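K.L.:
Below is the structure I would like to discuss, written out as structure tokens.
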Amino acid sequence: MSLANLSPVLEDFHVKAIFEGISGDLIAEPRRVSFYDGDMLIHRTPYEQLTDIKFREIGEKSFLDLCIEGGHIAFNLVESEDDSEFFYLHTKERIINQNEINEFLKENIRVEENRALLMFDRECITWMMDQRPFLFSGEYIKGALIGRLSQDFSHHEFGVLYVTNNRLFFNGRKGELRELPLESVRHCLLIDIDKKFRDVKSRKSYSLQFNQGELTVGVQSEFYGKIESFLNTFDEEIIEIERF
């Protein structure tokens with residue numbers, strides 16, 4: 001059973017971009033990617049024509065390649081590095097093959113209850129498959145949440161927080177890896193940061209702190225059930241929850 005194909009996708013997602021010397025808006029619409037110069041449509045590609053979507057960086061510039069049969073269409077994304085990569089992952093989410101999703105779930109994930117599948121929605125699966133975690137022989141994933149690891153006030157990294165049958169680890173998009181052996185996780189504090197605030201995707205923000213700050217990751221979710229399912233992979237005696 002998979003909930004990956006049931007998760008709603010945000011209708012539109014757009015970034016500022018440059019295409020063939022023209023500045024405009026690159027928009028991930030429900031059925032296609034379109035580029036506009038103001039109100040004028042410059043380019044449009046339906047998702048079904050795409051064979052792949054790639055993200056690359058050259059120096060300080062970010063590029064999105066829409067791969068089609070026989071070539072690719074390149075856009076220079078002029079947003080922040082984070083926003084550019086989020087747009088890439090959002091468009092990648094639209095074309096990911098359901099059979100590949102099911103195979104990935106079958107090979108790498110074990111859950112004890114169907115509700116835990118809430119964690120593995122299409123967005124999270126896209127992040128996981130785009131940067132696959134290294135798993136040791138006999139290791140399998142019990143839970144996963146998209147999150148943000150803050151190293152200090154000026155440095156952070158987005159990625160996926162995993163719990164397996166052997167360890168807890170954060171796999172960062174830029175290569176940061178923080179891990180704790182599962183038997184060493186003695187305390188997990190969930191901080192419900194603001195019960196009223198939700199972002200544009202209706203997600204609430206939480207902070208997960210393990211072993212009094214040895215590993216701290218900020219996470220967001222539109223369903224508390226995702227967070228609860230992640231916490232349920234640990235012994236309930238080590239869980240502490242603070243709400244403000």
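Chain labels A, B, ... are given in the sequence in which chains occur in the structure tokens; within each chain residues are numbered consecutively from 1, and ligands are likewise numbered from 1 in the order shown.
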Can you pull out every residue within 9 Å of A:Val78, counting only C-alpha atoms, but drop anything in the same chain fewer than 3 positions away, and send it as a list in words?

P.N.:
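Those residues are Val15, Lys16, Ala17, Ile18, Lys61, Ser62, Phe63, Glu81 and Ser84 of chain A.
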
K.L.:
Please dump the current selection as a PDB file, in the first residue's frame; keep C-alpha atoms.

P.N.:
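Result file is out29.pdb:
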ATOM      1  CA  VAL A  15      10.445  31.266  -9.772  1.00  0.00           C
ATOM      2  CA  LYS A  16      12.206  34.071 -11.588  1.00  0.00           C
ATOM      3  CA  ALA A  17      14.328  32.771 -14.464  1.00  0.00           C
ATOM      4  CA  ILE A  18      16.143  33.672 -17.666  1.00  0.00           C
ATOM      5  CA  LYS A  61      24.346  30.256 -11.167  1.00  0.00           C
ATOM      6  CA  SER A  62      21.615  27.615 -10.917  1.00  0.00           C
ATOM      7  CA  PHE A  63      20.157  25.927 -13.982  1.00  0.00           C
ATOM      8  CA  GLU A  81      19.865  28.619  -3.956  1.00  0.00           C
ATOM      9  CA  SER A  84      15.828  27.232  -6.948  1.00  0.00           C
TER      10      SER A  84
END

K.L.:
Could you pull out the helix (DSSP H, G or I) residues of stretch 165-239 of chain A, going by DSSP on the backbone, and write them as an MDAnalysis selection string?

P.N.:
chainID A and resid 182:184 224:231 236:238

K.L.:
For the residues in that selection, give me N, CA, C and O atoms as a PDB file, in the first residue's frame.

P.N.:
ATOM      1  N   LEU A 182      21.087   4.133  16.872  1.00  0.00           N
ATOM      2  CA  LEU A 182      19.748   4.143  17.458  1.00  0.00           C
ATOM      3  C   LEU A 182      19.788   3.880  18.965  1.00  0.00           C
ATOM      4  O   LEU A 182      19.038   4.491  19.729  1.00  0.00           O
ATOM      5  N   GLU A 183      20.702   3.000  19.399  1.00  0.00           N
ATOM      6  CA  GLU A 183      20.756   2.676  20.827  1.00  0.00           C
ATOM      7  C   GLU A 183      21.268   3.844  21.668  1.00  0.00           C
ATOM      8  O   GLU A 183      21.102   3.867  22.896  1.00  0.00           O
ATOM      9  N   SER A 184      21.896   4.843  21.004  1.00  0.00           N
ATOM     10  CA  SER A 184      22.411   5.995  21.750  1.00  0.00           C
ATOM     11  C   SER A 184      21.380   7.112  21.897  1.00  0.00           C
ATOM     12  O   SER A 184      21.632   8.090  22.601  1.00  0.00           O
ATOM     13  N   TYR A 224      -0.234  16.385  11.528  1.00  0.00           N
ATOM     14  CA  TYR A 224       0.497  16.006  12.736  1.00  0.00           C
ATOM     15  C   TYR A 224       0.765  14.507  12.723  1.00  0.00           C
ATOM     16  O   TYR A 224       1.734  14.029  13.313  1.00  0.00           O
ATOM     17  N   GLY A 225      -0.084  13.753  12.003  1.00  0.00           N
ATOM     18  CA  GLY A 225       0.095  12.312  11.923  1.00  0.00           C
ATOM     19  C   GLY A 225       1.454  11.904  11.393  1.00  0.00           C
ATOM     20  O   GLY A 225       1.990  10.852  11.761  1.00  0.00           O
ATOM     21  N   LYS A 226       2.054  12.731  10.504  1.00  0.00           N
ATOM     22  CA  LYS A 226       3.398  12.441  10.005  1.00  0.00           C
ATOM     23  C   LYS A 226       4.404  12.500  11.154  1.00  0.00           C
ATOM     24  O   LYS A 226       5.248  11.609  11.308  1.00  0.00           O
ATOM     25  N   ILE A 227       4.319  13.571  11.939  1.00  0.00           N
ATOM     26  CA  ILE A 227       5.232  13.758  13.065  1.00  0.00           C
ATOM     27  C   ILE A 227       5.035  12.642  14.089  1.00  0.00           C
ATOM     28  O   ILE A 227       5.993  12.049  14.586  1.00  0.00           O
ATOM     29  N   GLU A 228       3.777  12.364  14.391  1.00  0.00           N
ATOM     30  CA  GLU A 228       3.452  11.331  15.367  1.00  0.00           C
ATOM     31  C   GLU A 228       3.972   9.963  14.922  1.00  0.00           C
ATOM     32  O   GLU A 228       4.504   9.193  15.727  1.00  0.00           O
ATOM     33  N   SER A 229       3.836   9.668  13.635  1.00  0.00           N
ATOM     34  CA  SER A 229       4.317   8.388  13.119  1.00  0.00           C
ATOM     35  C   SER A 229       5.837   8.287  13.237  1.00  0.00           C
ATOM     36  O   SER A 229       6.380   7.214  13.535  1.00  0.00           O
ATOM     37  N   PHE A 230       6.531   9.402  13.009  1.00  0.00           N
ATOM     38  CA  PHE A 230       7.990   9.408  13.161  1.00  0.00           C
ATOM     39  C   PHE A 230       8.366   9.150  14.615  1.00  0.00           C
ATOM     40  O   PHE A 230       9.249   8.331  14.908  1.00  0.00           O
ATOM     41  N   LEU A 231       7.669   9.826  15.540  1.00  0.00           N
ATOM     42  CA  LEU A 231       7.953   9.638  16.959  1.00  0.00           C
ATOM     43  C   LEU A 231       7.654   8.215  17.410  1.00  0.00           C
ATOM     44  O   LEU A 231       8.330   7.677  18.297  1.00  0.00           O
ATOM     45  N   GLU A 236       8.370   5.128  23.590  1.00  0.00           N
ATOM     46  CA  GLU A 236       7.598   6.277  24.069  1.00  0.00           C
ATOM     47  C   GLU A 236       8.174   6.874  25.350  1.00  0.00           C
ATOM     48  O   GLU A 236       7.918   8.049  25.670  1.00  0.00           O
ATOM     49  N   GLU A 237       8.967   6.126  26.099  1.00  0.00           N
ATOM     50  CA  GLU A 237       9.522   6.631  27.350  1.00  0.00           C
ATOM     51  C   GLU A 237      10.567   7.723  27.126  1.00  0.00           C
ATOM     52  O   GLU A 237      10.853   8.497  28.059  1.00  0.00           O
ATOM     53  N   ILE A 238      11.134   7.818  25.932  1.00  0.00           N
ATOM     54  CA  ILE A 238      12.156   8.845  25.698  1.00  0.00           C
ATOM     55  C   ILE A 238      11.559  10.101  25.047  1.00  0.00           C
ATOM     56  O   ILE A 238      12.260  11.088  24.828  1.00  0.00           O
TER      57      ILE A 238
END

K.L.:
Give the answer as one residue: which of A:Gly175, A:Gly21, A:Gly159, A:Pro181 has the shortest atom-to-atom distance to A:Gly218, using only C-alpha atoms?

P.N.:
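Closest to A:Gly218, using only C-alpha atoms: A:Gly159.
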
K.L.:
Calculate how many Å separate atom CA of A:Ser207 from atom CA of A:Phe104, rounding to one decimal.

P.N.:
27.7 Å

K.L.:
Which residues in stretch 101-147 of chain A does DSSP call strand (DSSP E)? List them as a list in words.

P.N.:
Ile141, Lys142, Gly143, Ala144, Leu145, Ile146 and Gly147 of chain A

K.L.:
For A:Phe13, which of A:Val185, A:Ala28, A:Ile95, A:Met129 is the closest residue, counting only C-alpha atoms?

P.N.:
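Distance minimum relative to A:Phe13 lands on A:Ala28.
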